[in-house]
Amino acid sequence: MLRTEREAPIQDCSTAPLLSVRDLSVGFSSPIGHVQALQGFNLDLKVGESVGIVGESGSGKSVTWLGLLGLLPSARVEGSARMNGVDLIGLRERKLAAWRGKRIAMIFQDPTSSLNPVHRIGAQISEGLILHRGLSVAAARSEAKRLLDRVHVADASQKLDSYPHELSGGMNQRVMIAIALASGPDLLVADEPTTALDVTIQGQIIELLKEIRRDTGMALVTISHDLGVIAELADRVLVMYAGRQVEEAPAERILKSAGHPYTKGLLAAVPQITGARQRLTAIPGQAPELGQMPPGCAFAPRCTYKEQICDASVPMSVKIYQHPWAACHRATVDHSLQNLCA
Amino acid sequence: MRKPLLETRGLQKSYDVRRRNGVFGKRAKLRAVDDVSLSVSSGETLGVVGESGCGKSTVAKLVLGLIRPSAGEVIFEGEPLTSQRSEIWRQQRRRMQMVYQDPQSALDPRIEVGRQVCEPLDILRKGDPAERKARAHAMFQAVGLPRTCIDKLPQELSGGQRQRVVLARALVMEPSLLVCDEPVSALDVSIQAQVINLLMDIQDQLGIGYLFISHDLRVVRQIAHRVVVMYLGRIVEEGSPDELFRAPAHPYTQALVSAVPQLSKGLGRRIVLQGDPPSPIEAPSGCAFHPRCHVASDLCRHARPDLVVREDGRKVACHFPE
């Protein structure tokens with residue numbers, strides 16, 4: 001598909017990035033010593049852009065955002081993440097709290113455990129409104145009702161007095177989205193927003209997120225292990241493996257011709273709902289443990305295109321044919337990687 | 001036609017519950033499974049799909065005899081499944097094994113996985129200890145686990161390896177039926193593909209019948225020979241996976257298929273169902289799907305459609321199938 005055929009961007013994306021992350025790393029101390037959960041993460045997120053981050057458990061996709069927002073108190077977070085000229089990394093907790101929830105909101109996989117079970121829905125939505133927007137209790141309540149209407153919760157005024165356990169999972173995720181929208185954030189980080197939901201409810205939430213993005217022009221970062229969800233929501237896809245970014249590409253191109261062997265493997269491993277049924281091409285082996293990273297490319301032990309150089313050093317991100325970049329030695333050594341992976 | 005390995009006839013399970021207000025609420029019947037008839041042959045995989053609360057896991061429990069049906073019967077290897085704890089049931093249960101979603105909680109965290117695979121053989125005193133050990137080792141090999149794993153504890157293995165251990169433990173009994181309830185849902189995509197391939201290989205080699213329950217339509221399409229779609233305790237559609245997912249006849253199946261996230265954009269429009277599935281306590285009149293259905297008419301509100309066989313072999317329970 002040509003670039004011109006894509007949906008027109010919501011806002012002018014040529015301006016300065018909304019969020020600029022440079023060399024972000026997150027480390028933990030563990031019984032086996034210091035382990036690095038994320039290394040060298042870079043991202044320029046434009047205003048109103050939708051980026052998808054895909055990867056398996058332990059790839060660092062969630063830790064990136066939890067670390068960036070100061071939600072990992074025991075972790076060592078290094079690097080920089082600038083938004084409006086302010087570096088969020090190393091910001092004091094009180095100052096960071098003003099950013100969190102106000103400019104950057106985050107929703108998680110399991111809405112029912114993200115909500116407080118002993119407080120009514122209305123009070124939980126109002127909390128952010130009173131805190132971040134300084135509304136009175138009465139004004140916050142009517143705004144909370146408007147927000148519930150916004151995320152298409154039926155009987156909003158009645159639901160304000162419900163407790164989370166009285167609502168279904170899909171309904172609670174809508175409440176979480178309403179809370180996230182309360183302060184009119186510039187960026188919403190959705191961490192596996194549909195994973196815990198049923199298929200038809202998952203479809204509802206995907207449509208809702210698309211609609212809200214279209215209407216508000218906020219930027220969206222979707223974290224998911226499901227390439228299908230990413231393909232529906234994102235313009236640009238980042239692929240992560242073992243704590244590093246391995247590839248970036250526009251959504252429709254990464255799905256047609258993946259550049260990195262890992263991305264290629266991921267795509268081949270997903271069964272399809274249409275077309276001929278054929279045996280799945282599984283990626284052999286498993287992702288490395290955090291404390292036992294291979295010396296070179298972390299994917300090398302599982303890679304079918306592996307060469308000697310792959311064990312020698314961690315590959316740099318290089319621009320490859322048709323893609324913004326991929327971190328693969330074969331891309332530098334062998335200029336015909338695009339043919340290899342076509 | 002060959003005699004099916006497993007057959008259920010008009011299976012029904014209802015629970016007495018109280019509507020709201022705790023013990024003072026009105027009594028009500030919760031129909032978890034209602035009039036479910038299905039069959040699985042040797043070497044065949046029957047996929048069961050549906051959303052939470054549709055009764056698919058209850059069907060699994062009924063098939064295994066872990067709970068008693070309120071009505072209907074389960075026939076396994078030509079014999080009706082007898083009541084629990086009887087000697088015949090114990091004999092039957094050996095031939096039907098199960099694999100659940102979360103391998104972590106299916107394994108004992110304090111026992112080496114090799115011993116856990118051996119345990120069913122120890123309990124039944126099959127062969128001498130050396131023979132049992134040899135069989136367990138052979139099973140490890142069959143499910144693609146390295147020998148070094150045998151003396152490890154479950155937490156020392158990865159999620160995919162743990163699910164392989166669970167599978168080895170089920171297979172060591174040489175079952176003829178394997179009931180898999182969301183066996184790959186907790187696994188990463190690349191590992192999920194490994195386990196799906198493994199399940200298919202094992203079936204090819206051993207001719208085991210699978211009752212494969214999953215909410216993931218893509219996984220079911222990959223592995224199943226036949227698919228049953230359930231909604232609120234009843235079967236609404238049954239057919240071959242290729243045909244059923246290519247041209248779903250029931251409006252609910254249509255919505256399910258269209259809701260699956262697609263890798264390539266713009267493949268058909270999504271039918272967004274309004275609201276959540278209704279509670280099985282207050283199941284709607286007539287066709288249970290009518291409040292969310294886009295083709296529902298007056299007839300659907302009053303009369304419940306029967307599951308009828310079409311000319312092409314597809315079974316559909318809908319007044320206005322496509």
# chains A, B, ... in the order shown; residues from 1 in each chain; ligands from 1
call {"tool": "interface_residues", "arguments": {"of": "chain B", "to": "chain A", "cutoff": "7 Å", "atoms": "only C-alpha atoms", "output": "list of chain:residue names"}}
result
B:Glu51, B:Ser52, B:Asp188, B:Val189, B:Ser190, B:Ala193, B:Gln194, B:Asn197, B:Arg218, B:Val219, B:Arg221, B:Gln222, B:Phe245, B:Arg246, B:Leu256, B:Ala259, B:Val260, B:Pro261, B:Gln262, B:Leu263, B:Ser264, B:Lys265, B:Val272, B:Leu273
call {"tool": "write_last_selection", "arguments": {"atoms": "C-alpha atoms", "output": "PDB file, in the first residue's frame"}}
result
ATOM      1  CA  GLU B  51     -17.506 -15.973  25.238  1.00  0.00           C
ATOM      2  CA  SER B  52     -17.221 -16.132  29.011  1.00  0.00           C
ATOM      3  CA  ASP B 188       3.073 -16.093  24.234  1.00  0.00           C
ATOM      4  CA  VAL B 189       2.395 -16.054  20.501  1.00  0.00           C
ATOM      5  CA  SER B 190       5.580 -17.855  19.436  1.00  0.00           C
ATOM      6  CA  ALA B 193       2.359 -21.890  17.867  1.00  0.00           C
ATOM      7  CA  GLN B 194       4.777 -24.515  19.241  1.00  0.00           C
ATOM      8  CA  ASN B 197       1.790 -27.815  16.407  1.00  0.00           C
ATOM      9  CA  ARG B 218      -8.003 -18.202  15.153  1.00  0.00           C
ATOM     10  CA  VAL B 219      -6.588 -20.967  17.326  1.00  0.00           C
ATOM     11  CA  ARG B 221      -9.773 -22.677  13.234  1.00  0.00           C
ATOM     12  CA  GLN B 222      -6.168 -23.838  13.125  1.00  0.00           C
ATOM     13  CA  PHE B 245     -15.528 -18.874   9.657  1.00  0.00           C
ATOM     14  CA  ARG B 246     -15.622 -17.984   5.948  1.00  0.00           C
ATOM     15  CA  LEU B 256     -17.705 -13.130  16.542  1.00  0.00           C
ATOM     16  CA  ALA B 259     -14.647  -8.975  15.863  1.00  0.00           C
ATOM     17  CA  VAL B 260     -11.369 -10.878  15.439  1.00  0.00           C
ATOM     18  CA  PRO B 261      -8.594  -8.305  15.026  1.00  0.00           C
ATOM     19  CA  GLN B 262      -7.231  -8.567  11.501  1.00  0.00           C
ATOM     20  CA  LEU B 263      -3.612  -8.275  10.510  1.00  0.00           C
ATOM     21  CA  SER B 264      -4.475  -6.531   7.266  1.00  0.00           C
ATOM     22  CA  LYS B 265      -6.712  -3.498   7.491  1.00  0.00           C
ATOM     23  CA  VAL B 272     -20.203  -4.335  16.769  1.00  0.00           C
ATOM     24  CA  LEU B 273     -22.555  -6.078  19.161  1.00  0.00           C
TER      25      LEU B 273
END
call {"tool": "select_by_dssp", "arguments": {"residues": "stretch 143-198 of chain A", "states": "helix (DSSP H, G or I)", "output": "ChimeraX atom specification"}}
result
/A:143-150,156-159,164-166,169-181
call {"tool": "select_by_dssp", "arguments": {"residues": "stretch 132-208 of chain B", "states": "strand (DSSP E)", "output": "ChimeraX atom specification"}}
result
/B:177-181
call {"tool": "residues_around", "arguments": {"residues": "B:Arg226", "least_positions_apart": "3", "cutoff": "10 Å", "atoms": "only C-alpha atoms", "output": "PDB file with C-alpha atoms, in the first residue's frame"}}
result
ATOM      1  CA  SER B  39     -19.780 -35.856  19.397  1.00  0.00           C
ATOM      2  CA  VAL B  40     -16.052 -36.402  19.043  1.00  0.00           C
ATOM      3  CA  GLU B  44     -10.800 -35.752  15.580  1.00  0.00           C
ATOM      4  CA  THR B  45     -10.748 -32.321  17.173  1.00  0.00           C
ATOM      5  CA  LEU B  46     -14.028 -30.689  18.067  1.00  0.00           C
ATOM      6  CA  GLY B  47     -13.525 -26.995  18.749  1.00  0.00           C
ATOM      7  CA  VAL B  48     -15.923 -25.244  21.128  1.00  0.00           C
ATOM      8  CA  VAL B 220      -9.739 -23.081  17.000  1.00  0.00           C
ATOM      9  CA  ARG B 221      -9.773 -22.677  13.234  1.00  0.00           C
ATOM     10  CA  ILE B 223      -6.619 -27.013  15.146  1.00  0.00           C
ATOM     11  CA  GLU B 238     -21.895 -26.148  14.095  1.00  0.00           C
ATOM     12  CA  GLY B 239     -19.810 -26.808  10.998  1.00  0.00           C
ATOM     13  CA  SER B 240     -16.375 -27.238   9.475  1.00  0.00           C
ATOM     14  CA  PRO B 241     -13.958 -24.490  10.547  1.00  0.00           C
ATOM     15  CA  ASP B 242     -13.077 -23.259   7.060  1.00  0.00           C
ATOM     16  CA  GLU B 243     -16.688 -22.911   5.999  1.00  0.00           C
ATOM     17  CA  LEU B 244     -18.031 -21.709   9.328  1.00  0.00           C
TER      18      LEU B 244
END
call {"tool": "residues_around", "arguments": {"residues": "A:Val175", "least_positions_apart": "4", "cutoff": "8 Å", "atoms": "only C-alpha atoms", "output": "list in words"}}
result
Ile121, Ile125, Leu148, Val151, Met171 and Ile179 of chain A
call {"tool": "residues_around", "arguments": {"residues": "A:Asp161", "least_positions_apart": "5", "cutoff": "10 Å", "atoms": "only C-alpha atoms", "output": "ChimeraX atom specification"}}
result
/A:119-123,156
call {"tool": "write_last_selection", "arguments": {"atoms": "N, CA and C atoms", "output": "mmCIF file, in the first residue's frame"}}
result
data_model
loop_
_atom_site.group_PDB
_atom_site.id
_atom_site.type_symbol
_atom_site.label_atom_id
_atom_site.label_comp_id
_atom_site.auth_asym_id
_atom_site.auth_seq_id
_atom_site.Cartn_x
_atom_site.Cartn_y
_atom_site.Cartn_z
ATOM 1 N N HIS A 119 -15.098 1.632 46.277
ATOM 2 C CA HIS A 119 -15.624 2.953 45.940
ATOM 3 C C HIS A 119 -16.533 2.872 44.733
ATOM 4 N N ARG A 120 -17.549 3.737 44.719
ATOM 5 C CA ARG A 120 -18.463 3.763 43.588
ATOM 6 C C ARG A 120 -17.759 4.342 42.363
ATOM 7 N N ILE A 121 -18.247 3.902 41.177
ATOM 8 C CA ILE A 121 -17.664 4.341 39.913
ATOM 9 C C ILE A 121 -17.587 5.871 39.832
ATOM 10 N N GLY A 122 -18.683 6.541 40.215
ATOM 11 C CA GLY A 122 -18.759 8.000 40.116
ATOM 12 C C GLY A 122 -17.640 8.670 40.897
ATOM 13 N N ALA A 123 -17.399 8.172 42.122
ATOM 14 C CA ALA A 123 -16.374 8.765 42.972
ATOM 15 C C ALA A 123 -14.983 8.570 42.368
ATOM 16 N N ALA A 156 -25.868 6.125 32.248
ATOM 17 C CA ALA A 156 -24.677 6.650 32.920
ATOM 18 C C ALA A 156 -24.979 7.145 34.331
#
call {"tool": "residues_around", "arguments": {"residues": "A:Ile89", "least_positions_apart": "6", "cutoff": "10 Å", "atoms": "only C-alpha atoms", "output": "list of chain:residue names"}}
result
A:Val21, A:Leu24, A:Gly67, A:Leu68, A:Leu69, A:Gly70, A:Val77, A:Glu78, A:Gly79, A:Ser80, A:Ala81, A:Arg82, A:Leu96
call {"tool": "write_last_selection", "arguments": {"atoms": "N, CA and C atoms", "output": "JSON list (two decimals), in the first residue's frame"}}
result
[["chain", "number", "residue", "atom", "x", "y", "z"],
["A", 21, "VAL", "N", 11.74, 10.32, 23.80],
["A", 21, "VAL", "CA", 12.43, 9.42, 24.73],
["A", 21, "VAL", "C", 13.80, 9.09, 24.14],
["A", 24, "LEU", "N", 16.40, 5.29, 27.02],
["A", 24, "LEU", "CA", 15.76, 4.91, 28.28],
["A", 24, "LEU", "C", 16.16, 3.48, 28.65],
["A", 67, "GLY", "N", 8.22, 2.55, 33.88],
["A", 67, "GLY", "CA", 9.45, 3.21, 34.31],
["A", 67, "GLY", "C", 9.41, 4.70, 34.01],
["A", 68, "LEU", "N", 8.94, 5.02, 32.81],
["A", 68, "LEU", "CA", 8.88, 6.41, 32.37],
["A", 68, "LEU", "C", 7.96, 7.24, 33.26],
["A", 69, "LEU", "N", 6.88, 6.62, 33.72],
["A", 69, "LEU", "CA", 5.91, 7.35, 34.52],
["A", 69, "LEU", "C", 6.19, 7.23, 36.02],
["A", 70, "GLY", "N", 7.35, 6.67, 36.36],
["A", 70, "GLY", "CA", 7.71, 6.59, 37.78],
["A", 70, "GLY", "C", 6.86, 5.63, 38.57],
["A", 77, "VAL", "N", 15.86, 3.69, 36.73],
["A", 77, "VAL", "CA", 15.45, 4.21, 35.42],
["A", 77, "VAL", "C", 16.44, 5.27, 34.98],
["A", 78, "GLU", "N", 17.03, 5.10, 33.80],
["A", 78, "GLU", "CA", 17.98, 6.07, 33.28],
["A", 78, "GLU", "C", 17.60, 6.49, 31.88],
["A", 79, "GLY", "N", 18.18, 7.59, 31.44],
["A", 79, "GLY", "CA", 17.86, 8.13, 30.12],
["A", 79, "GLY", "C", 17.03, 9.38, 30.27],
["A", 80, "SER", "N", 16.37, 9.78, 29.19],
["A", 80, "SER", "CA", 15.53, 10.96, 29.29],
["A", 80, "SER", "C", 14.23, 10.76, 28.54],
["A", 81, "ALA", "N", 13.20, 11.45, 29.00],
["A", 81, "ALA", "CA", 11.90, 11.43, 28.34],
["A", 81, "ALA", "C", 11.35, 12.84, 28.44],
["A", 82, "ARG", "N", 11.49, 13.61, 27.37],
["A", 82, "ARG", "CA", 11.13, 15.02, 27.43],
["A", 82, "ARG", "C", 9.73, 15.24, 26.84],
["A", 96, "LEU", "N", 5.98, 14.78, 39.26],
["A", 96, "LEU", "CA", 5.63, 13.74, 38.28],
["A", 96, "LEU", "C", 4.14, 13.40, 38.39]]
call {"tool": "residues_around", "arguments": {"residues": "B:Gly286", "least_positions_apart": "2", "cutoff": "7 Å", "atoms": "only C-alpha atoms", "output": "mmCIF file with C-alpha atoms, in the first residue's frame"}}
result
data_model
loop_
_atom_site.group_PDB
_atom_site.id
_atom_site.type_symbol
_atom_site.label_atom_id
_atom_site.label_comp_id
_atom_site.auth_asym_id
_atom_site.auth_seq_id
_atom_site.Cartn_x
_atom_site.Cartn_y
_atom_site.Cartn_z
ATOM 1 C CA PRO B 284 -34.083 -13.568 27.250
ATOM 2 C CA ALA B 288 -31.403 -15.792 23.699
ATOM 3 C CA CYS B 300 -37.221 -14.301 17.612
ATOM 4 C CA ARG B 301 -38.630 -12.719 20.779
ATOM 5 C CA HIS B 302 -41.191 -15.467 21.206
ATOM 6 C CA ALA B 303 -40.004 -18.689 19.640
ATOM 7 C CA ARG B 304 -36.681 -20.351 20.321
#
call {"tool": "atom_distance", "arguments": {"atom1": "atom CA of B:Pro277", "atom2": "atom CA of B:Cys293"}}
result
11.2 Å
call {"tool": "decode", "arguments": {"residues": "stretch 156-199 of chain B", "atoms": "N, CA and C atoms", "output": "compact mmCIF listing (two decimals), in the first residue's frame"}}
result
# COMPACT_ATOMS: atom_id res chain seq x y z
N GLU B 156 11.03 -23.42 37.74
CA GLU B 156 12.30 -23.29 37.02
C GLU B 156 12.11 -23.42 35.51
N LEU B 157 10.88 -23.72 35.11
CA LEU B 157 10.60 -23.87 33.67
C LEU B 157 9.83 -22.66 33.16
N SER B 158 9.85 -22.47 31.84
CA SER B 158 9.07 -21.38 31.25
C SER B 158 7.62 -21.83 31.10
N GLY B 159 6.75 -20.89 30.77
CA GLY B 159 5.33 -21.18 30.63
C GLY B 159 5.05 -22.27 29.60
N GLY B 160 5.75 -22.18 28.47
CA GLY B 160 5.55 -23.16 27.41
C GLY B 160 6.00 -24.54 27.84
N GLN B 161 7.13 -24.59 28.57
CA GLN B 161 7.64 -25.88 29.05
C GLN B 161 6.70 -26.49 30.08
N ARG B 162 6.14 -25.63 30.95
CA ARG B 162 5.20 -26.13 31.96
C ARG B 162 3.97 -26.74 31.28
N GLN B 163 3.48 -26.09 30.21
CA GLN B 163 2.30 -26.63 29.54
C GLN B 163 2.66 -27.98 28.90
N ARG B 164 3.91 -28.13 28.44
CA ARG B 164 4.35 -29.41 27.90
C ARG B 164 4.36 -30.48 28.99
N VAL B 165 4.75 -30.09 30.20
CA VAL B 165 4.75 -31.05 31.32
C VAL B 165 3.32 -31.52 31.60
N VAL B 166 2.38 -30.56 31.63
CA VAL B 166 0.98 -30.90 31.87
C VAL B 166 0.49 -31.88 30.81
N LEU B 167 0.90 -31.61 29.57
CA LEU B 167 0.51 -32.46 28.46
C LEU B 167 1.12 -33.87 28.61
N ALA B 168 2.38 -33.92 29.01
CA ALA B 168 3.04 -35.21 29.21
C ALA B 168 2.34 -36.01 30.30
N ARG B 169 1.93 -35.31 31.37
CA ARG B 169 1.26 -35.99 32.48
C ARG B 169 -0.10 -36.55 32.04
N ALA B 170 -0.77 -35.81 31.14
CA ALA B 170 -2.06 -36.29 30.64
C ALA B 170 -1.85 -37.48 29.70
N LEU B 171 -0.80 -37.42 28.88
CA LEU B 171 -0.60 -38.44 27.85
C LEU B 171 -0.03 -39.74 28.40
N VAL B 172 0.59 -39.67 29.56
CA VAL B 172 1.24 -40.85 30.11
C VAL B 172 0.21 -41.93 30.43
N MET B 173 -1.05 -41.52 30.60
CA MET B 173 -2.13 -42.48 30.87
C MET B 173 -2.68 -43.10 29.59
N GLU B 174 -2.12 -42.74 28.46
CA GLU B 174 -2.60 -43.21 27.16
C GLU B 174 -4.11 -43.01 27.00
N PRO B 175 -4.55 -41.77 27.10
CA PRO B 175 -5.99 -41.50 27.00
C PRO B 175 -6.47 -41.63 25.55
N SER B 176 -7.78 -41.81 25.38
CA SER B 176 -8.32 -41.78 24.03
C SER B 176 -8.99 -40.43 23.77
N LEU B 177 -9.27 -39.69 24.86
CA LEU B 177 -9.87 -38.36 24.73
C LEU B 177 -9.10 -37.37 25.59
N LEU B 178 -8.79 -36.23 25.00
CA LEU B 178 -8.13 -35.17 25.74
C LEU B 178 -9.05 -33.95 25.73
N VAL B 179 -9.44 -33.50 26.93
CA VAL B 179 -10.27 -32.31 27.03
C VAL B 179 -9.33 -31.13 27.30
N CYS B 180 -9.25 -30.20 26.34
CA CYS B 180 -8.34 -29.06 26.48
C CYS B 180 -9.17 -27.80 26.68
N ASP B 181 -9.06 -27.20 27.87
CA ASP B 181 -9.81 -25.97 28.16
C ASP B 181 -8.84 -24.80 28.09
N GLU B 182 -8.90 -24.03 27.02
CA GLU B 182 -8.02 -22.88 26.78
C GLU B 182 -6.55 -23.26 26.99
N PRO B 183 -6.05 -24.29 26.33
CA PRO B 183 -4.70 -24.78 26.64
C PRO B 183 -3.57 -23.84 26.22
N VAL B 184 -3.82 -22.93 25.29
CA VAL B 184 -2.71 -22.08 24.84
C VAL B 184 -2.95 -20.60 25.15
N SER B 185 -4.06 -20.29 25.85
CA SER B 185 -4.41 -18.88 26.06
C SER B 185 -3.40 -18.13 26.91
N ALA B 186 -2.72 -18.82 27.81
CA ALA B 186 -1.80 -18.12 28.71
C ALA B 186 -0.40 -18.03 28.13
N LEU B 187 -0.21 -18.51 26.90
CA LEU B 187 1.15 -18.57 26.35
C LEU B 187 1.41 -17.46 25.36
N ASP B 188 2.68 -17.09 25.22
CA ASP B 188 3.07 -16.09 24.23
C ASP B 188 2.86 -16.62 22.82
N VAL B 189 2.72 -15.68 21.88
CA VAL B 189 2.39 -16.05 20.50
C VAL B 189 3.34 -17.11 19.92
N SER B 190 4.65 -16.92 20.07
CA SER B 190 5.58 -17.85 19.44
C SER B 190 5.53 -19.22 20.12
N ILE B 191 5.27 -19.22 21.42
CA ILE B 191 5.18 -20.47 22.18
C ILE B 191 3.85 -21.16 21.89
N GLN B 192 2.81 -20.34 21.76
CA GLN B 192 1.48 -20.84 21.42
C GLN B 192 1.53 -21.67 20.14
N ALA B 193 2.23 -21.17 19.14
CA ALA B 193 2.36 -21.89 17.87
C ALA B 193 3.05 -23.23 18.09
N GLN B 194 4.08 -23.25 18.95
CA GLN B 194 4.78 -24.51 19.24
C GLN B 194 3.82 -25.54 19.84
N VAL B 195 3.00 -25.10 20.81
CA VAL B 195 2.12 -26.04 21.50
C VAL B 195 0.99 -26.51 20.57
N ILE B 196 0.47 -25.60 19.74
CA ILE B 196 -0.57 -26.01 18.78
C ILE B 196 -0.01 -27.08 17.83
N ASN B 197 1.18 -26.83 17.30
CA ASN B 197 1.79 -27.81 16.41
C ASN B 197 2.00 -29.15 17.12
N LEU B 198 2.45 -29.06 18.38
CA LEU B 198 2.68 -30.28 19.16
C LEU B 198 1.39 -31.06 19.35
N LEU B 199 0.30 -30.35 19.70
CA LEU B 199 -0.99 -31.02 19.89
C LEU B 199 -1.43 -31.72 18.61
